[in-house]
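> Next comes start_10.csv, CSV, C-alpha atoms and all ligand atoms:
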chain,number,residue,atom,x,y,z
A,1,MET,CA,9.5,29.8,46.1
A,2,THR,CA,9.5,30.6,49.8
A,3,THR,CA,8.9,28.0,52.5
A,4,GLN,CA,5.6,29.8,53.1
A,5,ALA,CA,4.6,29.3,49.4
A,6,ALA,CA,5.6,25.6,49.8
A,7,ALA,CA,3.2,25.3,52.8
A,8,LEU,CA,0.4,26.5,50.5
A,9,GLY,CA,1.2,23.7,48.1
A,10,VAL,CA,2.3,25.9,45.2
A,11,ALA,CA,4.9,24.3,42.8
A,12,ASN,CA,8.0,26.3,41.8
A,13,ALA,CA,9.8,25.5,38.6
A,14,GLY,CA,12.9,26.4,36.6
A,15,PHE,CA,14.9,25.5,33.5
A,16,ALA,CA,18.2,23.6,33.6
A,17,TRP,CA,19.9,25.2,30.6
A,18,ALA,CA,22.3,23.2,28.4
A,19,LYS,CA,26.0,23.9,29.2
A,20,VAL,CA,28.2,24.4,26.2
A,21,ASN,CA,32.0,24.3,26.3
A,22,LEU,CA,33.0,26.8,23.6
A,23,THR,CA,36.6,25.7,24.3
A,24,LEU,CA,37.9,22.8,26.3
A,25,HIS,CA,41.7,22.6,26.8
A,26,VAL,CA,43.0,19.6,28.9
A,27,THR,CA,46.1,21.0,30.6
A,28,GLY,CA,47.1,18.3,33.0
A,29,GLN,CA,46.0,15.4,35.2
A,30,ARG,CA,45.8,15.1,39.0
A,31,SER,CA,47.0,12.1,41.0
A,32,ASP,CA,43.4,11.0,41.5
A,33,GLY,CA,43.0,10.7,37.7
A,34,TYR,CA,40.8,13.8,37.3
A,35,HIS,CA,41.9,16.1,34.4
A,36,LEU,CA,42.8,19.8,34.7
A,37,LEU,CA,40.8,21.9,32.3
A,38,ASP,CA,40.7,25.4,30.9
A,39,SER,CA,37.3,26.0,29.3
A,40,LEU,CA,35.0,28.8,28.3
A,41,VAL,CA,31.6,27.7,29.3
A,42,VAL,CA,28.2,29.3,28.3
A,43,ARG,CA,24.6,28.3,28.7
A,44,ALA,CA,22.3,27.9,25.7
A,45,GLY,CA,18.6,28.7,26.0
A,46,VAL,CA,17.3,25.1,25.7
A,47,GLY,CA,17.0,22.9,28.7
A,48,ASP,CA,15.3,20.4,30.9
A,49,ARG,CA,12.5,21.7,33.2
A,50,ILE,CA,12.2,20.9,36.9
A,51,ALA,CA,9.2,21.6,39.1
A,52,VAL,CA,9.2,21.1,42.8
A,53,SER,CA,6.0,20.7,44.8
A,54,PRO,CA,5.3,19.7,48.4
A,55,SER,CA,5.3,16.1,49.5
A,56,ASP,CA,6.0,14.1,52.6
A,57,GLN,CA,8.6,12.0,50.9
A,58,LEU,CA,11.3,12.6,48.2
A,59,GLU,CA,9.6,11.6,45.0
A,60,LEU,CA,10.9,11.8,41.4
A,61,PHE,CA,8.7,11.8,38.3
A,62,ILE,CA,10.3,12.0,34.9
A,63,ASP,CA,8.8,12.7,31.4
A,64,GLY,CA,9.9,14.4,28.2
A,65,PRO,CA,11.5,13.2,25.0
A,66,TYR,CA,14.7,12.0,26.8
A,67,GLY,CA,12.9,10.8,29.9
A,68,GLY,CA,14.0,7.2,29.2
A,69,ALA,CA,17.7,8.2,29.0
A,70,ALA,CA,18.2,9.3,32.6
A,71,PRO,CA,18.0,7.0,35.7
A,72,HIS,CA,14.7,7.0,37.5
A,73,ASP,CA,16.1,6.0,40.9
A,74,ASP,CA,18.4,7.4,43.5
A,75,ARG,CA,21.2,7.6,40.9
A,76,ASN,CA,19.5,10.5,39.3
A,77,LEU,CA,21.4,13.7,39.9
A,78,VAL,CA,18.3,15.6,41.0
A,79,VAL,CA,17.8,13.1,43.8
A,80,ARG,CA,21.5,13.1,44.7
A,81,ALA,CA,21.3,17.0,44.8
A,82,ALA,CA,18.2,16.8,47.1
A,83,ARG,CA,20.0,14.4,49.4
A,84,LEU,CA,23.1,16.5,49.6
A,85,LEU,CA,21.0,19.6,50.5
A,86,ASP,CA,18.8,17.7,53.0
A,87,ALA,CA,21.9,16.2,54.7
A,88,GLY,CA,20.0,13.2,56.1
A,89,ALA,CA,17.0,15.1,57.7
A,90,GLY,CA,14.5,13.3,55.6
A,91,ARG,CA,12.7,16.3,54.1
A,92,GLY,CA,10.1,15.6,51.4
A,93,ALA,CA,9.4,17.1,47.9
A,94,ARG,CA,8.0,16.0,44.6
A,95,LEU,CA,10.4,16.6,41.8
A,96,HIS,CA,9.0,16.6,38.3
A,97,LEU,CA,11.8,16.5,35.7
A,98,THR,CA,11.0,17.0,32.0
A,99,LYS,CA,14.0,15.7,30.2
A,100,ASN,CA,14.4,17.6,26.9
A,101,LEU,CA,18.2,17.3,26.6
A,102,PRO,CA,19.9,14.1,25.5
A,103,ALA,CA,21.9,12.4,28.3
A,104,ALA,CA,25.6,11.7,28.4
A,105,ALA,CA,25.8,14.2,25.6
A,106,GLY,CA,28.6,16.7,26.7
A,107,ILE,CA,26.0,19.5,27.4
A,108,GLY,CA,25.8,18.7,31.2
A,109,GLY,CA,22.2,17.8,31.2
A,110,GLY,CA,22.5,15.9,34.5
A,111,SER,CA,24.8,18.6,36.1
A,112,ALA,CA,22.4,21.3,35.0
A,113,ASP,CA,19.5,19.3,36.5
A,114,ALA,CA,21.4,19.0,39.7
A,115,ALA,CA,22.2,22.7,39.9
A,116,THR,CA,18.6,23.7,39.2
A,117,ALA,CA,17.3,21.2,41.7
A,118,LEU,CA,19.7,22.7,44.3
A,119,ARG,CA,18.4,26.2,43.6
A,120,LEU,CA,14.7,25.2,43.7
A,121,LEU,CA,15.0,23.0,46.7
A,122,SER,CA,17.1,25.6,48.5
A,123,ALA,CA,14.1,28.0,48.2
A,124,HIS,CA,11.5,25.2,48.9
A,125,TRP,CA,13.2,24.0,52.1
A,126,GLY,CA,14.7,27.4,53.1
A,127,LEU,CA,18.2,26.0,53.2
A,128,PRO,CA,21.4,27.5,51.7
A,129,VAL,CA,23.1,25.8,48.7
A,130,PRO,CA,26.1,24.0,50.2
A,131,GLU,CA,29.7,24.8,49.3
A,132,ASP,CA,30.6,21.2,48.2
A,133,VAL,CA,28.3,20.8,45.2
A,134,ALA,CA,31.3,19.6,43.1
A,135,ARG,CA,30.8,16.2,45.0
A,136,LEU,CA,27.8,15.8,42.6
A,137,GLY,CA,30.0,16.2,39.5
A,138,ALA,CA,32.8,18.4,38.3
A,139,ASP,CA,30.3,20.3,36.0
A,140,VAL,CA,27.8,21.2,38.8
A,141,PRO,CA,29.5,24.4,40.1
A,142,VAL,CA,29.5,26.0,36.6
A,143,CYS,CA,25.9,25.0,36.1
A,144,LEU,CA,25.0,27.2,39.1
A,145,HIS,CA,26.0,30.2,37.0
A,146,ASP,CA,23.8,31.6,34.2
A,147,THR,CA,26.5,33.9,32.9
A,148,PRO,CA,29.6,32.8,30.8
A,149,GLN,CA,32.4,31.5,32.9
A,150,ARG,CA,36.1,30.5,32.5
A,151,MET,CA,36.3,27.1,34.2
A,152,GLU,CA,39.6,25.8,35.5
A,153,GLY,CA,40.9,23.2,37.9
A,154,ILE,CA,38.8,20.2,37.5
A,155,GLY,CA,35.7,22.5,37.2
A,156,GLU,CA,35.8,24.2,40.6
A,157,ARG,CA,37.7,27.4,39.7
A,158,LEU,CA,35.3,29.8,38.0
A,159,THR,CA,35.8,33.4,36.9
A,160,PRO,CA,33.3,35.5,34.9
A,161,ALA,CA,34.2,35.6,31.2
A,162,PRO,CA,34.5,39.0,29.4
A,163,LYS,CA,31.3,40.2,27.8
A,164,LEU,CA,30.5,38.1,24.8
A,165,PRO,CA,28.6,39.3,21.7
A,166,PRO,CA,25.0,38.1,21.0
A,167,CYS,CA,25.2,34.8,19.2
A,168,TRP,CA,23.0,31.8,18.3
A,169,LEU,CA,24.0,28.2,18.7
A,170,VAL,CA,22.8,25.2,16.8
A,171,LEU,CA,23.2,22.0,18.9
A,172,ILE,CA,23.3,18.6,17.2
A,173,ASN,CA,23.6,15.2,18.6
A,174,PRO,CA,23.6,12.0,16.6
A,175,ASN,CA,21.6,10.3,19.4
A,176,LYS,CA,24.7,8.3,20.4
A,177,SER,CA,26.0,8.7,24.0
A,178,ALA,CA,29.7,9.2,24.8
A,179,ALA,CA,30.8,8.1,28.2
A,180,THR,CA,33.0,10.9,29.7
A,181,PRO,CA,35.6,8.6,31.4
A,182,GLU,CA,36.1,6.6,28.2
A,183,VAL,CA,36.6,9.8,26.1
A,184,PHE,CA,39.2,11.1,28.6
A,185,SER,CA,41.0,7.7,28.7
A,186,ARG,CA,41.6,8.0,24.9
A,187,LEU,CA,43.5,11.3,25.1
A,188,GLU,CA,46.9,11.1,23.5
A,189,SER,CA,48.3,14.2,25.4
A,190,ARG,CA,47.1,15.3,28.8
A,191,ALA,CA,49.4,18.4,29.1
A,192,ASN,CA,48.2,20.8,26.5
A,193,ALA,CA,48.4,24.6,26.4
A,194,PRO,CA,45.8,26.6,28.3
A,195,MET,CA,43.8,29.5,26.8
A,196,PRO,CA,45.7,32.9,27.0
A,197,LYS,CA,45.9,34.3,30.5
A,198,GLU,CA,43.6,37.3,29.6
A,199,LEU,CA,40.6,36.5,27.4
A,200,PRO,CA,40.0,39.3,24.9
A,201,ALA,CA,36.8,41.4,24.7
A,202,PHE,CA,34.7,40.8,21.6
A,203,THR,CA,32.6,43.3,19.7
A,204,SER,CA,31.0,41.0,17.1
A,205,ALA,CA,30.0,37.3,16.6
A,206,PRO,CA,32.5,36.9,13.6
A,207,ALA,CA,35.4,38.3,15.6
A,208,PHE,CA,34.4,36.0,18.6
A,209,ALA,CA,34.2,33.0,16.3
A,210,ALA,CA,37.6,33.9,14.7
A,211,TRP,CA,39.2,33.9,18.1
A,212,LEU,CA,37.5,30.7,19.2
A,213,ALA,CA,38.9,29.0,16.1
A,214,THR,CA,42.4,29.6,17.5
A,215,GLN,CA,41.4,27.7,20.6
A,216,ARG,CA,40.5,24.0,20.9
A,217,ASN,CA,38.4,21.2,22.4
A,218,ASP,CA,41.1,18.6,23.2
A,219,LEU,CA,38.4,15.9,23.6
A,220,GLU,CA,37.2,16.1,20.0
A,221,ALA,CA,39.7,13.6,18.6
A,222,PRO,CA,39.2,11.0,21.3
A,223,ALA,CA,35.4,11.4,21.2
A,224,ILE,CA,35.5,10.7,17.4
A,225,GLN,CA,37.1,7.4,18.2
A,226,VAL,CA,34.2,6.5,20.6
A,227,VAL,CA,31.4,8.0,18.4
A,228,PRO,CA,32.6,8.4,14.8
A,229,GLU,CA,29.3,10.3,13.9
A,230,VAL,CA,30.8,13.3,15.8
A,231,ALA,CA,32.9,14.0,12.6
A,232,GLU,CA,29.7,13.9,10.5
A,233,CYS,CA,28.0,16.3,12.9
A,234,LEU,CA,30.9,18.8,12.6
A,235,GLY,CA,30.8,18.4,8.8
A,236,SER,CA,27.1,19.2,8.7
A,237,LEU,CA,27.7,22.6,10.4
A,238,GLN,CA,29.7,23.9,7.4
A,239,ASP,CA,27.7,27.2,7.2
A,240,ALA,CA,28.5,28.2,10.8
A,241,LEU,CA,31.0,30.8,11.9
A,242,LEU,CA,32.6,28.0,14.0
A,243,ALA,CA,31.8,24.3,14.5
A,244,ARG,CA,33.1,22.4,17.5
A,245,MET,CA,32.2,19.6,19.9
A,246,SER,CA,31.0,20.5,23.5
A,247,GLY,CA,32.4,18.7,26.5
A,248,SER,CA,33.2,15.0,26.0
A,249,GLY,CA,30.6,14.9,23.2
A,250,ALA,CA,28.9,13.8,21.2
A,251,THR,CA,26.9,17.1,21.0
A,252,CYS,CA,28.4,19.5,18.5
A,253,PHE,CA,27.6,23.2,18.2
A,254,GLY,CA,27.6,25.7,15.4
A,255,LEU,CA,27.9,29.4,16.2
A,256,TYR,CA,25.7,31.8,14.1
A,257,GLU,CA,25.3,35.5,14.1
A,258,THR,CA,21.5,35.6,13.9
A,259,GLU,CA,18.5,33.5,14.8
A,260,ALA,CA,17.4,33.3,11.1
A,261,LEU,CA,20.8,31.8,10.0
A,262,ALA,CA,20.6,29.3,12.9
A,263,GLN,CA,17.0,28.2,12.1
A,264,ARG,CA,17.9,27.8,8.5
A,265,ALA,CA,20.7,25.4,9.5
A,266,VAL,CA,18.4,23.5,11.8
A,267,THR,CA,15.9,23.0,8.9
A,268,ARG,CA,18.7,21.8,6.6
A,269,ILE,CA,20.3,19.4,9.1
A,270,ALA,CA,17.1,18.0,10.5
A,271,THR,CA,15.9,17.2,6.9
A,272,ALA,CA,19.2,15.5,6.0
A,273,GLN,CA,19.4,13.6,9.4
A,274,PRO,CA,16.0,12.9,10.8
A,275,GLY,CA,17.5,10.6,13.5
A,276,TRP,CA,19.6,13.4,15.1
A,277,TRP,CA,18.7,15.8,17.8
A,278,VAL,CA,18.9,19.3,16.2
A,279,THR,CA,17.9,22.6,17.9
A,280,ALA,CA,18.7,26.3,17.8
A,281,ALA,CA,19.1,28.4,20.9
A,282,PRO,CA,20.4,31.8,21.9
A,283,MET,CA,23.7,31.9,23.8
A,284,LEU,CA,22.7,33.2,27.2
A,285,GLY,CA,24.7,36.3,28.2
B,301,LIG,C1,34.1,16.9,30.4
B,301,LIG,C2,33.1,18.0,31.0
B,301,LIG,C3,33.6,19.4,30.6
B,301,LIG,O1,32.7,20.4,31.0
B,301,LIG,O2,31.8,17.9,30.5
B,301,LIG,P1,30.8,16.7,30.0
B,301,LIG,O3,31.3,16.1,28.8
B,301,LIG,O4,30.6,15.8,31.1
B,301,LIG,O5,29.5,17.5,29.7
B,301,LIG,C4,33.1,17.9,32.5
B,301,LIG,O6,34.4,18.2,33.0
B,301,LIG,C5,32.7,16.6,33.1
B,301,LIG,O7,32.0,16.9,34.3
B,301,LIG,P2,31.0,15.8,35.0
B,301,LIG,O8,30.3,15.0,34.0
B,301,LIG,O9,30.2,16.5,36.0
B,301,LIG,O10,32.1,14.9,35.6
B,301,LIG,P3,32.1,13.9,36.9
B,301,LIG,O11,30.8,13.3,37.0
B,301,LIG,O12,32.7,14.6,38.1
B,301,LIG,O13,33.2,12.8,36.4
B,301,LIG,C6,32.9,11.8,35.4
B,301,LIG,C7,34.2,11.3,35.0
B,301,LIG,O14,34.8,12.2,34.0
B,301,LIG,C8,36.2,12.3,34.2
B,301,LIG,N1,36.6,13.6,34.5
B,301,LIG,C9,35.7,14.6,34.8
B,301,LIG,C10,36.1,15.9,35.0
B,301,LIG,C11,37.5,16.2,35.0
B,301,LIG,N2,37.9,17.4,35.2
B,301,LIG,N3,38.4,15.2,34.7
B,301,LIG,C12,38.0,14.0,34.5
B,301,LIG,O15,38.8,13.1,34.2
B,301,LIG,C13,36.6,11.3,35.3
B,301,LIG,O16,36.9,10.0,34.6
B,301,LIG,C14,35.3,11.1,36.0
B,301,LIG,O17,35.2,9.9,36.6
B,302,LIG,N1,19.0,14.1,35.5
B,302,LIG,C1,19.9,13.4,34.7
B,302,LIG,N2,19.9,13.6,33.4
B,302,LIG,C2,20.8,13.0,32.6
B,302,LIG,N3,21.7,12.1,33.1
B,302,LIG,C3,21.7,11.8,34.4
B,302,LIG,C4,20.8,12.4,35.3
B,302,LIG,N4,21.1,12.0,36.5
B,302,LIG,C5,22.1,11.1,36.4
B,302,LIG,N5,22.5,11.0,35.1
B,302,LIG,C6,23.6,10.1,34.6
B,302,LIG,O1,24.7,11.0,34.4
B,302,LIG,C7,25.4,10.6,33.2
B,302,LIG,C8,25.9,11.9,32.5
B,302,LIG,O2,24.8,12.6,32.0
B,302,LIG,P1,24.9,14.1,31.5
B,302,LIG,O3,25.1,15.0,32.6
B,302,LIG,O4,23.6,14.3,30.7
B,302,LIG,O5,26.1,14.1,30.5
B,302,LIG,P2,27.4,14.8,30.3
B,302,LIG,O6,28.2,14.6,31.6
B,302,LIG,O7,28.1,14.1,29.1
B,302,LIG,O8,27.2,16.2,30.0
B,302,LIG,C9,24.4,9.8,32.4
B,302,LIG,O9,25.0,8.7,31.8
B,302,LIG,C10,23.3,9.4,33.3
B,302,LIG,O10,23.3,8.0,33.6
Could you quickly redo this structure as structure tokens?

Amino acid sequence: MTTQAAALGVANAGFAWAKVNLTLHVTGQRSDGYHLLDSLVVRAGVGDRIAVSPSDQLELFIDGPYGGAAPHDDRNLVVRAARLLDAGAGRGARLHLTKNLPAAAGIGGGSADAATALRLLSAHWGLPVPEDVARLGADVPVCLHDTPQRMEGIGERLTPAPKLPPCWLVLINPNKSAATPEVFSRLESRANAPMPKELPAFTSAPAFAAWLATQRNDLEAPAIQVVPEVAECLGSLQDALLARMSGSGATCFGLYETEALAQRAVTRIATAQPGWWVTAAPMLG
């Protein structure tokens, strides 16, 4: 929305798509403790919703099934994103966050919210998105991209991934949160091999899944120590082309060739595990 539309009192809104780490190689550690990563990151078509409307003050209103899982005060990443963009000028806006994604779940819900808030408020206030968004979190830069990215460094080095085939993802979370620092702290090895220098091009979902199976999420084993149900989630995705954990967990994904196969898995898993979060979404290209 333009600043002119803002003056008319019209709300603008957008989705904060879930981030999925299809691979996550931990390749080293910096002297400040942050880990070096090599990760193939995609967005799934399920997310939180943020609407921005005019207000004299900065206000946050949260609802949605996971509204209780995110902070309702200045610690919320949408408020922190607004303050970074505003740079102390005291601009106002009403932010309405509908939290559909579980929090602290390895799918970057908070980072995606921050990225979407930056985009919406940048249009609302007529300000450019600043360079230093990684100050909000290592995952925020990648969440500003809707296309698949290879993410390196601690999250700041991004290069577009080769074209990926159409796929569906089933995301499942046992409704147990995994604290990212704790999962990293349980890593046995911090200097693991990166992905190949050149990522291959893929023509089909099975070929893509077969290649992904040769790569890793190095945080899977430490996350299982923190949330043992991760192993159960992975086991429940037995009909997927590939089953793996995203980020620092506990959300796991299954990769499927078609929507029908993904929806069939959702029905099966949701029936067996009524306490889990289970959803199917297209992988966004
Ligand atoms: C692990 C990843 C993989 O995409 O995803 P999530 O599990 O959070 O979704 C991210 O790197 C998380 O990014 P984000 O959650 O934004 O991290 P930050 O807020 O910057 O850092 C939280 C904590 O994670 C650890 N951390 C994070 C990123 C990184 N490259 N090395 C780290 O060691 C540090 O202990 C840090 O204090
Ligand atoms: N808008 C938000 N949504 C979710 N979590 C948030 C938000 N703002 C701040 N947080 C905090 O960020 C932490 C990480 O949340 P999130 O980004 O969802 O997980 P992850 O880093 O595992 O992908 C949570 O523990 C939560 O307290």
> Determine, using only C-alpha atoms, which residues of range 182-229 of chain A have any atom at most 12 Å from an atom of range 91-108 of chain A, and tabulate each with its shortest atom pair and distance in Å to one decimal place, rows ordered by chain and then rising number, as a tab-separated table.

residue	atom	partner	partner_atom	distance
A:Glu182	CA	A:Ala104	CA	11.7
A:Val183	CA	A:Gly106	CA	10.6
A:Asn217	CA	A:Gly106	CA	11.6
A:Leu219	CA	A:Gly106	CA	10.3
A:Glu220	CA	A:Gly106	CA	10.9
A:Ala223	CA	A:Gly106	CA	10.2
A:Val227	CA	A:Ala105	CA	11.0
> Could you tell me which of A:Trp211, A:Tyr66, A:Trp125, A:Phe184 comes closest to ligand LIG 302 (chain B) if we count all atoms listed in the file?
A:Tyr66
> List the neighbours of range 241-252 of chain A out to 8 Å using only C-alpha atoms; skip same-chain residues closer than 3 positions along the sequence, and give me the result as a PyMOL selection string.
chain A and resi 20-24+104-107+171-174+176-180+183-184+206+209-210+212-213+217+219-220+223+227+230+233-234+237-238+255-257
> So what do you get for CA of Cys167 in chain A versus CA of Asp146 in chain A, distance-wise?
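Separation of CA of Cys167 in chain A and CA of Asp146 in chain A: 15.4 Å.
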> Nearest residue to ligand LIG 302 (chain B) out of A:His35, A:Arg75, A:Arg49, A:His25, using all atoms listed in the file?
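For ligand LIG 302 (chain B), the nearest of the candidates is A:Arg75.
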> For Lys19 in chain A, work out the shell of residues within 8 Å, counting only C-alpha atoms and skipping chain neighbours fewer than 6 positions away, then give it as a compact mmCIF listing (two decimals) with C-alpha atoms, in the frame of the given file.

# COMPACT_ATOMS: atom_id res chain seq x y z
CA VAL A 41 31.60 27.70 29.30
CA VAL A 42 28.20 29.30 28.30
CA ARG A 43 24.60 28.30 28.70
CA ALA A 44 22.30 27.90 25.70
CA ILE A 107 26.00 19.50 27.40
CA GLY A 108 25.80 18.70 31.20
CA GLY A 109 22.20 17.80 31.20
CA ALA A 112 22.40 21.30 35.00
CA CYS A 143 25.90 25.00 36.10
> Of the residues A:Val226, A:Ala18, A:Ala221, A:Leu40, which is the one nearest to Ala161 in chain A, using all atoms listed in the file?
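Nearest to Ala161 in chain A: A:Leu40.
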> When you look at Arg135 in chain A with a cut-off of 12 Å (counting all atoms listed in the file), what residues show up, excluding the ones that are within fewer than 2 positions of it in the same chain? I need them as a count of residues only.
21
> Using only the atoms of ligand LIG 302 (chain B) listed in the file, plus 4 Å on each side, state the axis-aligned box centre and edge lengths in Å rounded to one decimal, as AutoDock Vina command-line options.

--center_x 23.6 --center_y 12.1 --center_z 32.8 --size_x 17.2 --size_y 16.2 --size_z 15.4
> Can you measure CA of Pro181 in chain A to atom C3 of ligand LIG 301 (chain B) for me? One decimal in Å is fine.
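Interatomic distance, CA of Pro181 in chain A to atom C3 of ligand LIG 301 (chain B): 11.0 Å.
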> In Å, how far is it from CA of Pro282 in chain A to atom O3 of ligand LIG 301 (chain B)?
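If I compute the distance from CA of Pro282 in chain A to atom O3 of ligand LIG 301 (chain B), I get 20.3 Å.
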> Could you extract range 237-253 of chain A of the given structure into a file holding C-alpha atoms, as a compact mmCIF listing (two decimals), in the first residue's frame?

# COMPACT_ATOMS: atom_id res chain seq x y z
CA LEU A 237 6.09 -39.67 7.14
CA GLN A 238 6.99 -43.14 5.82
CA ASP A 239 5.04 -42.66 2.56
CA ALA A 240 6.93 -39.47 1.59
CA LEU A 241 9.64 -39.30 -1.07
CA LEU A 242 11.80 -37.77 1.69
CA ALA A 243 11.20 -37.08 5.40
CA ARG A 244 13.43 -34.62 7.29
CA MET A 245 13.35 -32.03 10.06
CA SER A 246 13.35 -28.29 9.25
CA GLY A 247 15.71 -25.84 10.99
CA SER A 248 16.28 -26.60 14.66
CA GLY A 249 12.95 -28.44 14.85
CA ALA A 250 10.69 -29.74 15.96
CA THR A 251 8.71 -29.39 12.70
CA CYS A 252 9.38 -32.16 10.19
CA PHE A 253 8.42 -32.20 6.54
